[in-house]
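Okay, input_2.txt now, which holds compact mmCIF, C-alpha atoms and all ligand atoms:
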# COMPACT_ATOMS: atom_id res chain seq x y z
CA MET K 1 79.23 72.01 195.20
CA LYS K 2 77.22 75.19 195.57
CA ASP K 3 73.75 75.35 194.16
CA ASP K 4 73.06 77.81 191.31
CA ASN K 5 70.17 79.28 193.21
CA GLU K 6 72.11 79.68 196.42
CA MET K 7 72.38 83.35 197.27
CA PHE K 8 75.80 84.92 196.98
CA CYS K 9 74.47 87.99 198.69
CA PRO K 10 70.98 89.44 199.18
CA GLY K 11 69.34 89.73 195.77
CA VAL K 12 72.10 87.91 193.87
CA THR K 13 72.04 84.18 193.18
CA ARG K 14 75.26 82.30 192.72
CA ARG K 15 74.43 81.87 189.03
CA ASN K 16 74.11 85.65 188.61
CA PHE K 17 77.29 86.19 190.58
CA ILE K 18 79.21 83.84 188.26
CA LYS K 19 77.64 85.49 185.19
CA THR K 20 78.79 88.89 186.46
CA CYS K 21 82.29 87.51 187.07
CA VAL K 22 82.35 86.19 183.50
CA ALA K 23 81.25 89.60 182.16
CA ALA K 24 83.82 91.43 184.30
CA THR K 25 86.56 88.99 183.25
CA ALA K 26 85.72 89.61 179.59
CA MET K 27 85.70 93.38 180.18
CA MET K 28 89.14 93.18 181.76
CA GLY K 29 90.41 91.42 178.65
CA LEU K 30 91.31 88.28 180.60
CA PRO K 31 90.89 84.74 179.27
CA PHE K 32 87.51 83.17 179.94
CA SER K 33 89.05 80.62 182.32
CA MET K 34 90.09 83.47 184.64
CA HIS K 35 86.50 84.03 185.76
CA THR K 36 86.87 81.29 188.37
CA LYS K 37 89.95 83.03 189.77
CA VAL K 38 88.05 86.33 189.86
CA ALA K 39 85.10 84.68 191.62
CA GLU K 40 87.40 82.99 194.16
CA ALA K 41 89.26 86.23 194.81
CA VAL K 42 86.04 88.16 195.40
CA GLU K 43 84.84 85.49 197.83
CA LYS K 44 88.19 85.21 199.61
CA ASN K 45 89.45 88.80 199.54
CA GLY K 46 86.08 90.57 199.50
CA ASN K 47 84.97 93.17 201.95
CA PRO K 48 87.89 95.57 201.75
CA SER K 49 87.21 98.62 203.81
CA VAL K 50 86.03 101.47 201.59
CA ILE K 51 85.76 105.12 202.51
CA TRP K 52 83.68 107.06 200.01
CA LEU K 53 83.96 110.85 200.09
CA HIS K 54 81.66 113.32 198.32
CA PHE K 55 82.90 116.73 197.33
CA GLN K 56 81.73 119.08 194.54
CA GLU K 57 79.32 116.83 192.68
CA CYS K 58 75.68 115.94 192.02
CA THR K 59 75.76 112.41 193.49
CA GLY K 60 74.90 111.14 190.00
CA CYS K 61 77.73 108.60 190.13
CA SER K 62 76.34 106.99 193.29
CA GLU K 63 72.82 107.24 191.88
CA SER K 64 73.83 105.55 188.64
CA LEU K 65 75.46 102.75 190.56
CA LEU K 66 72.49 102.23 192.85
CA ARG K 67 69.73 102.73 190.32
CA SER K 68 70.81 99.96 187.99
CA THR K 69 67.64 98.22 186.83
CA HIS K 70 69.06 94.83 187.67
CA PRO K 71 69.99 94.44 191.32
CA THR K 72 73.14 92.41 190.68
CA ILE K 73 75.57 95.27 190.18
CA SER K 74 74.62 97.44 193.11
CA SER K 75 74.10 94.41 195.38
CA LEU K 76 77.45 92.95 194.40
CA ILE K 77 79.30 96.19 194.89
CA LEU K 78 77.74 96.80 198.26
CA ASP K 79 78.37 93.21 199.30
CA MET K 80 81.91 93.01 197.93
CA ILE K 81 83.07 95.95 199.93
CA SER K 82 82.71 97.10 203.48
CA LEU K 83 81.35 100.57 202.94
CA ASP K 84 82.46 102.23 206.16
CA TYR K 85 81.63 105.80 205.20
CA HIS K 86 79.35 107.16 202.47
CA GLU K 87 77.51 110.37 203.26
CA THR K 88 74.53 109.57 201.05
CA LEU K 89 74.00 105.96 202.05
CA MET K 90 75.02 105.69 205.67
CA ALA K 91 72.30 105.76 208.29
CA GLY K 92 74.39 107.70 210.79
CA ALA K 93 74.90 111.44 210.64
CA GLY K 94 76.82 114.18 212.41
CA ALA K 95 79.23 113.09 215.15
CA GLN K 96 78.24 109.44 214.73
CA ALA K 97 79.21 109.47 211.03
CA GLU K 98 82.45 111.31 211.76
CA LYS K 99 83.34 108.70 214.37
CA ALA K 100 82.73 105.89 211.83
CA LEU K 101 85.08 107.66 209.42
CA HIS K 102 87.75 108.19 212.06
CA ASP K 103 87.52 104.60 213.38
CA SER K 104 87.71 103.05 209.93
CA MET K 105 90.72 105.12 208.94
CA GLN K 106 92.53 104.12 212.12
CA ALA K 107 91.61 100.43 212.06
CA ASN K 108 92.42 99.98 208.37
CA ALA K 109 95.34 102.36 207.97
CA GLY K 110 97.30 101.58 204.83
CA LYS K 111 94.69 99.08 203.63
CA TYR K 112 91.46 100.83 202.82
CA LEU K 113 90.27 101.90 199.40
CA LEU K 114 89.39 105.55 199.14
CA VAL K 115 86.65 106.35 196.63
CA VAL K 116 86.25 110.01 195.75
CA GLU K 117 83.17 111.43 194.04
CA GLY K 118 83.35 115.08 193.03
CA ALA K 119 85.91 117.77 192.37
CA ILE K 120 88.01 119.52 194.98
CA PRO K 121 87.95 123.33 195.17
CA THR K 122 91.35 124.85 195.86
CA LYS K 123 90.87 128.64 195.66
CA GLN K 124 90.79 130.57 198.96
CA SER K 125 92.08 127.50 200.77
CA GLY K 126 89.15 125.43 199.49
CA ILE K 127 86.39 127.15 201.49
CA PHE K 128 83.79 126.44 198.79
CA CYS K 129 83.14 122.88 199.94
CA LYS K 130 83.12 121.94 203.60
CA VAL K 131 81.89 118.86 205.43
CA SER K 132 81.97 118.71 209.19
CA GLY K 133 83.97 121.91 209.37
CA LYS K 134 86.76 120.61 207.18
CA THR K 135 87.37 121.63 203.60
CA ALA K 136 87.28 119.02 200.86
CA LEU K 137 90.98 119.67 200.41
CA GLU K 138 91.73 118.85 204.05
CA SER K 139 89.46 115.79 204.08
CA LEU K 140 91.01 114.40 200.91
CA GLN K 141 94.58 114.93 202.05
CA HIS K 142 93.83 113.35 205.42
CA ALA K 143 91.97 110.33 204.02
CA ALA K 144 94.53 109.79 201.26
CA GLU K 145 97.35 109.37 203.78
CA GLY K 146 96.15 105.94 204.95
CA ALA K 147 94.65 104.73 201.66
CA ALA K 148 96.08 101.76 199.78
CA ALA K 149 94.71 103.19 196.54
CA ILE K 150 92.25 105.84 195.39
CA ILE K 151 89.44 105.32 192.93
CA CYS K 152 88.05 108.52 191.42
CA ILE K 153 84.51 107.77 190.38
CA GLY K 154 83.19 110.12 187.72
CA THR K 155 84.68 112.90 185.68
CA CYS K 156 84.55 115.47 188.49
CA ALA K 157 86.83 113.50 190.81
CA SER K 158 89.00 112.45 187.87
CA TYR K 159 89.55 115.82 186.18
CA GLY K 160 87.38 118.47 187.85
CA GLY K 161 84.31 118.06 185.61
CA ILE K 162 81.82 120.89 185.25
CA GLN K 163 83.17 122.62 188.36
CA ALA K 164 86.50 123.05 186.60
CA ALA K 165 84.93 124.50 183.43
CA ALA K 166 85.97 128.07 182.66
CA PRO K 167 86.04 130.37 184.51
CA ASN K 168 86.35 127.76 187.29
CA PRO K 169 85.53 130.21 190.11
CA THR K 170 86.39 127.77 192.90
CA GLY K 171 89.64 126.48 191.41
CA ALA K 172 88.19 122.97 191.18
CA VAL K 173 90.56 120.14 190.28
CA GLY K 174 90.60 116.37 190.20
CA VAL K 175 92.25 114.15 192.82
CA ARG K 176 95.42 113.56 190.83
CA ASP K 177 96.19 117.28 190.92
CA ILE K 178 96.40 117.08 194.71
CA VAL K 179 97.49 113.57 195.70
CA LYS K 180 100.80 112.56 194.17
CA ASP K 181 102.00 109.62 196.24
CA LYS K 182 99.20 107.04 195.96
CA PRO K 183 97.98 104.79 193.16
CA ILE K 184 95.03 106.63 191.58
CA ILE K 185 92.53 104.99 189.24
CA ASN K 186 90.25 107.30 187.30
CA ILE K 187 86.82 105.97 186.29
CA PRO K 188 85.54 109.00 184.38
CA GLY K 189 82.06 109.37 182.94
CA CYS K 190 79.07 111.53 183.70
CA PRO K 191 78.02 109.18 185.14
CA PRO K 192 80.48 106.33 184.66
CA SER K 193 79.35 102.81 183.91
CA PRO K 194 78.80 100.87 187.15
CA TYR K 195 80.43 97.91 185.40
CA ASN K 196 83.69 99.83 185.07
CA PHE K 197 83.73 100.49 188.79
CA LEU K 198 82.77 96.90 189.60
CA SER K 199 85.42 95.45 187.27
CA THR K 200 88.09 97.74 188.71
CA VAL K 201 87.30 96.62 192.27
CA MET K 202 87.24 92.97 191.11
CA TYR K 203 90.61 93.41 189.40
CA TYR K 204 92.06 94.93 192.54
CA LEU K 205 90.72 92.11 194.72
CA THR K 206 92.01 89.46 192.29
CA PHE K 207 95.48 90.76 191.52
CA LYS K 208 96.11 93.03 194.51
CA LYS K 209 97.27 95.82 192.25
CA VAL K 210 95.75 98.50 190.08
CA PRO K 211 94.98 97.60 186.46
CA GLU K 212 97.07 98.95 183.61
CA LEU K 213 96.19 102.60 183.11
CA ASP K 214 96.37 104.98 180.16
CA ASP K 215 97.98 108.40 180.36
CA LEU K 216 94.78 109.86 181.81
CA GLY K 217 94.82 107.33 184.63
CA ARG K 218 91.96 105.21 183.24
CA PRO K 219 91.94 101.41 183.19
CA LYS K 220 92.87 100.41 179.67
CA PHE K 221 90.47 97.49 179.74
CA ALA K 222 87.53 99.90 179.88
CA TYR K 223 88.89 103.03 178.18
CA GLY K 224 91.30 101.60 175.64
CA ARG K 225 89.13 102.07 172.55
CA LYS K 226 86.98 104.76 171.00
CA ILE K 227 83.20 104.64 171.27
CA HIS K 228 83.07 105.14 167.51
CA GLU K 229 84.69 101.73 166.87
CA HIS K 230 81.72 99.74 168.12
CA CYS K 231 78.82 102.14 167.65
CA GLU K 232 75.67 100.68 166.11
CA ARG K 233 75.32 103.83 163.96
CA ARG K 234 78.81 103.38 162.52
CA PRO K 235 77.60 101.74 159.27
CA HIS K 236 75.74 105.00 158.57
CA PHE K 237 78.87 107.03 159.29
CA ASP K 238 80.83 104.83 156.91
CA ALA K 239 78.11 105.25 154.30
CA GLY K 240 78.03 109.03 154.75
CA ARG K 241 74.49 109.13 156.12
CA PHE K 242 74.04 111.67 158.90
CA ALA K 243 71.07 112.82 160.97
CA GLN K 244 70.37 116.42 159.95
CA ALA K 245 68.44 117.63 162.99
CA TYR K 246 66.67 116.33 166.04
CA GLY K 247 63.27 114.97 165.00
CA HIS K 248 64.19 114.96 161.31
CA PRO K 249 63.45 111.67 159.48
CA THR K 250 67.20 111.06 159.20
CA HIS K 251 67.37 111.19 162.99
CA ALA K 252 64.40 108.85 163.39
CA GLN K 253 66.00 106.42 160.94
CA GLY K 254 69.00 105.99 163.18
CA TYR K 255 71.58 107.74 161.02
CA CYS K 256 74.96 108.74 162.42
CA LEU K 257 74.87 111.64 164.91
CA TYR K 258 78.27 113.10 163.99
CA LYS K 259 76.77 116.27 162.49
CA LEU K 260 74.71 116.83 165.62
CA GLY K 261 77.97 116.99 167.52
CA CYS K 262 78.63 113.37 168.46
CA LYS K 263 82.05 113.15 170.14
CA GLY K 264 82.27 109.36 169.72
CA PRO K 265 85.16 109.55 167.23
CA ALA K 266 87.36 111.25 169.88
CA THR K 267 86.09 109.60 173.05
CA TYR K 268 87.66 106.60 174.72
CA ALA K 269 85.12 104.48 176.63
CA ASN K 270 83.20 101.23 176.38
CA CYS K 271 79.64 102.65 176.44
CA SER K 272 78.87 101.34 172.95
CA VAL K 273 79.75 97.82 174.09
CA GLN K 274 78.85 97.56 177.75
CA ARG K 275 76.01 100.10 177.78
CA PHE K 276 74.04 101.03 180.87
CA ASN K 277 71.66 99.46 183.33
CA ASP K 278 71.22 96.10 181.65
CA VAL K 279 68.60 97.42 179.23
CA GLY K 280 70.98 97.95 176.33
CA ALA K 281 70.58 101.73 176.37
CA TRP K 282 73.22 104.39 176.03
CA PRO K 283 72.91 107.99 174.81
CA VAL K 284 73.68 107.33 171.14
CA SER K 285 71.21 104.43 170.97
CA ILE K 286 68.37 106.73 172.06
CA GLY K 287 69.29 109.52 169.68
CA HIS K 288 71.58 111.83 171.64
CA PRO K 289 75.14 112.46 170.51
CA CYS K 290 77.96 111.29 172.74
CA ILE K 291 79.14 114.34 174.73
CA GLY K 292 82.63 112.96 175.37
CA CYS K 293 82.11 112.75 179.11
CA THR K 294 85.22 110.64 179.70
CA GLN K 295 87.52 113.16 177.99
CA PRO K 296 88.78 116.14 179.99
CA ASP K 297 89.56 118.00 176.76
CA ILE K 298 85.97 117.63 175.50
CA LEU K 299 83.41 117.59 178.32
CA PHE K 300 82.40 121.16 179.14
CA GLN K 301 85.19 122.35 176.86
CA LYS K 302 83.32 121.90 173.58
CA ALA K 303 79.66 122.75 172.92
CA ILE K 304 77.36 119.77 172.47
CA ALA K 305 76.70 120.68 168.82
CA GLU K 306 80.37 121.28 168.02
CA LYS K 307 81.92 118.66 165.78
CA VAL K 308 85.19 117.01 166.78
CA GLN K 309 88.07 116.57 164.41
CA ILE K 310 88.52 112.97 163.38
CA HIS K 311 92.11 111.89 163.74
CA GLU K 312 93.33 108.41 163.02
CA PRO K 313 90.02 106.94 161.82
CA THR K 314 89.74 103.61 163.52
CA PRO K 315 88.35 100.53 161.85
CA PHE K 316 84.82 99.54 162.56
CA ASP K 317 84.39 95.99 163.70
CA SER K 318 81.03 95.16 165.20
CA TYR K 319 78.16 95.67 162.80
CA ALA K 320 77.56 94.73 159.19
CA PRO K 321 77.64 97.67 156.77
CA VAL K 322 74.38 99.19 155.55
CA ASP K 323 73.24 98.17 152.08
CA LEU K 324 73.63 101.08 149.70
CA LYS K 325 72.50 99.09 146.68
CA GLU K 326 68.82 99.36 147.49
CA LYS K 327 66.35 99.16 144.61
CA GLY K 328 69.13 99.60 142.10
CA LYS K 329 69.87 103.22 143.11
CA GLY K 330 73.32 102.68 144.48
CA PRO K 331 76.47 101.55 142.75
CA ASP K 332 77.67 97.98 143.04
CA PRO K 333 80.00 97.32 145.98
CA LEU K 334 83.05 96.89 143.75
CA THR K 335 82.55 100.30 142.15
CA THR K 336 81.95 101.85 145.55
CA GLY K 337 85.11 100.28 146.83
CA PHE K 338 87.27 101.62 144.00
CA VAL K 339 85.76 105.10 144.24
CA GLY K 340 86.15 105.04 147.98
CA LEU K 341 89.74 103.86 147.80
CA ALA K 342 90.64 106.60 145.34
CA ALA K 343 88.86 109.24 147.42
CA GLY K 344 90.37 107.94 150.63
CA ALA K 345 93.87 107.95 149.21
CA ALA K 346 93.44 111.44 147.81
CA LEU K 347 91.82 113.05 150.81
CA GLY K 348 93.06 110.84 153.64
CA ALA K 349 89.56 110.72 155.03
CA GLY K 350 89.61 107.03 155.83
CA ALA K 351 86.80 104.57 155.86
CA MET K 352 83.91 107.04 155.80
CA LEU K 353 84.59 108.04 152.25
CA ALA K 354 85.18 104.48 151.11
CA LYS K 355 81.45 104.02 150.60
CA LYS K 356 80.40 107.52 149.56
CA LEU K 357 78.22 107.46 146.49
CA PRO K 358 79.57 109.13 143.35
CA ASN K 359 76.37 111.11 142.60
CA GLY K 360 76.12 112.74 146.03
CA GLU K 361 72.94 110.89 146.94
CA ASN K 362 72.31 107.92 149.06
CA SER K 363 69.85 105.13 148.68
CA GLN K 364 67.47 106.37 151.36
CA GLY K 365 67.53 110.08 150.74
CA GLY K 366 69.65 110.96 153.81
CA ASP K 367 72.43 113.46 154.15
CA ASP K 368 75.55 111.89 152.74
CA GLU K 369 77.95 114.82 152.96
CA LYS K 370 81.48 114.45 154.18
CA ALA K 371 81.94 114.15 157.91
CA GLU K 372 84.33 117.06 158.10
S1 LIG M 1 79.96 109.68 165.14
FE1 LIG M 1 78.82 109.03 167.00
S2 LIG M 1 76.84 108.25 166.23
FE2 LIG M 1 78.26 108.34 164.49
S3 LIG M 1 79.15 106.31 164.41
FE3 LIG M 1 80.56 107.56 165.61
S4 LIG M 1 79.96 107.25 167.74
FE4 LIG M 1 78.25 106.51 166.47
Using structure tokens, write down the structure that the file contains.
Amino acid sequence: MKDDNEMFCPGVTRRNFIKTCVAATAMMGLPFSMHTKVAEAVEKNGNPSVIWLHFQECTGCSESLLRSTHPTISSLILDMISLDYHETLMAGAGAQAEKALHDSMQANAGKYLLVVEGAIPTKQSGIFCKVSGKTALESLQHAAEGAAAIICIGTCASYGGIQAAAPNPTGAVGVRDIVKDKPIINIPGCPPSPYNFLSTVMYYLTFKKVPELDDLGRPKFAYGRKIHEHCERRPHFDAGRFAQAYGHPTHAQGYCLYKLGCKGPATYANCSVQRFNDVGAWPVSIGHPCIGCTQPDILFQKAIAEKVQIHEPTPFDSYAPVDLKEKGKGPDPLTTGFVGLAAGAALGAGAMLAKKLPNGENSQGGDDEKAE
């Protein structure tokens, strides 16, 4: 039996490897017992050849993956795969790097994973982005031919990102607008969670197929629910307490950021659950509204301060509600419930109004106006 402290790969003990497999298994929505199968699959089927191409982007997706505060994620990813070509990380350059790319594509034809970071310009035959004399369009089409599957890391590769924002001078698009005959998995985010990339690779190694995707090509296990459903500020949203401005006491008190433009109610992602970099931080937790970076219809389409329409209010299920009956100022919960039910039925505004106070005030002096 292997020792817990035995190293799975440099910087990762076996214990940490198993813990990561358990976390990834939970993220994929698989039963707990499946973590052993995931671990076995990674050990047995690991090291698939990966070709990682950079096009119109800021390298933030690679940076996010590599700068995780805990070494496990980046170490695991780099150990789980055979990274044959990555312009930022590889030591070689010029003709040497091009040879590595060519050799890997030939030796692993039909089997390698192609990871794309960045959008692809298409106007004027794609001259706006060239590497080694070839346009991004040519490089993508060539590399896609021999790929088993394509993973688009980040919103730019998935949907075009900021490069595709109006007026989109270079005609930037995402991979799925160009490649039509390969399985494509989109891992959007600006940057995306490294865990979502890791879990997708683990799923692929375990089941030898792409995970179930939504209509935007995203794995449902990571993008199946709205951020708003698990947000720690959701009790304030339900209670009608909103931050009024950056730096205002209502902001410092952790009130809901909806009125500052939070796109959480319309954004599908797991940031409010999985968070980033093992320190429990994500934009909303540190006071910045969600900008909807996983949604092609929101990111760079709507201003940061612009409020999104709330359709199909989803139930909140992670945190206890805030106590509105502080120091006898608020109504009792039963009264609140009846008032809320009546208001909700009349206005169809869902759970937020269910706890709105009848006198227009709240127990801590915050803004308790309607969300919309
Ligand atoms: S609107 Fe934003 S800050 Fe408010 S509860 Fe929803 S996700 Fe959280």
Residues within 7 Å of ligand LIG 1 (chain M) should be enumerated using all atoms listed in the file and returned as a list in words.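 Using all atoms listed in the file, I find these residues within 7 Å of ligand LIG 1 (chain M): Ile227, His228, Cys231, Glu232, Arg233, Arg234, His236, Phe237, Cys256, Leu257, Tyr258, Cys262, Lys263, Gly264, Pro265, Val284, Pro289 and Cys290 of chain K.
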Point out the residue among K:Leu89, K:Leu30, K:Cys129, K:Ile81 with the least atom-to-atom distance to Leu66 of chain K, counting all atoms listed in the file.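 Among K:Leu89, K:Leu30, K:Cys129, K:Ile81, it is K:Leu89 that comes nearest to Leu66 of chain K.
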Just checking: using all atoms listed in the file, which residue out of K:Pro296, K:Glu98, K:Leu260, K:Gln309 ends up closest to Lys134 of chain K?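 For Lys134 of chain K, the nearest of the given residues is K:Glu98.
Minimum atom-to-atom distance to Ser125 of chain K, evaluated using all atoms listed in the file, belongs to K:Ala172 out of K:Ala172, K:Cys21, K:Cys271, K:Cys152.
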Within 9 Å of Gly287 of chain K using all atoms listed in the file, minus same-chain residues under 3 positions, as a ChimeraX atom specification: /K:246,251-252,254,257,283-284
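Counting all atoms listed in the file and comparing K:Ala144, K:Pro235, K:Trp282, K:Arg241, the residue that lies closest to Pro321 of chain K is K:Pro235.
Closest approach to Thr20 of chain K among K:Ala239, K:Leu198, K:Ala109, K:Cys190 is made by K:Leu198 (distances from all atoms listed in the file).
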Residue with the minimum atom-to-atom distance to Gly154 of chain K, picked from K:Gln141, K:Thr206, K:Ser132, K:Ser193 with all atoms listed in the file counted, is K:Ser193
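If you look at atom CA of Leu53 of chain K and atom CA of Ala39 of chain K, they are 27.5 Å away from each other.
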Between atom CA of Cys61 of chain K and atom CA of Gln96 of chain K, what is the spacing in Å?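 Rounded to one decimal, the two atoms are 24.6 Å apart.
Of note, atom CA of Gly146 of chain K and atom CA of Ile178 of chain K are spaced 15.1 Å apart.
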Can you list, as a VMD selection string, every protein, DNA or RNA residue that comes within 8 Å of Arg218 of chain K when you count all atoms listed in the file, leaving out same-chain residues fewer than 4 positions away? chain K and resid 185 to 188 213 to 214 222 to 223
Could you write out that same residue set with C-alpha atoms as a PDB file, in the frame of the given file?
ATOM      1  CA  ILE K 185      92.530 104.990 189.240  1.00  0.00           C
ATOM      2  CA  ASN K 186      90.250 107.300 187.300  1.00  0.00           C
ATOM      3  CA  ILE K 187      86.820 105.970 186.290  1.00  0.00           C
ATOM      4  CA  PRO K 188      85.540 109.000 184.380  1.00  0.00           C
ATOM      5  CA  LEU K 213      96.190 102.600 183.110  1.00  0.00           C
ATOM      6  CA  ASP K 214      96.370 104.980 180.160  1.00  0.00           C
ATOM      7  CA  ALA K 222      87.530  99.900 179.880  1.00  0.00           C
ATOM      8  CA  TYR K 223      88.890 103.030 178.180  1.00  0.00           C
TER       9      TYR K 223
END
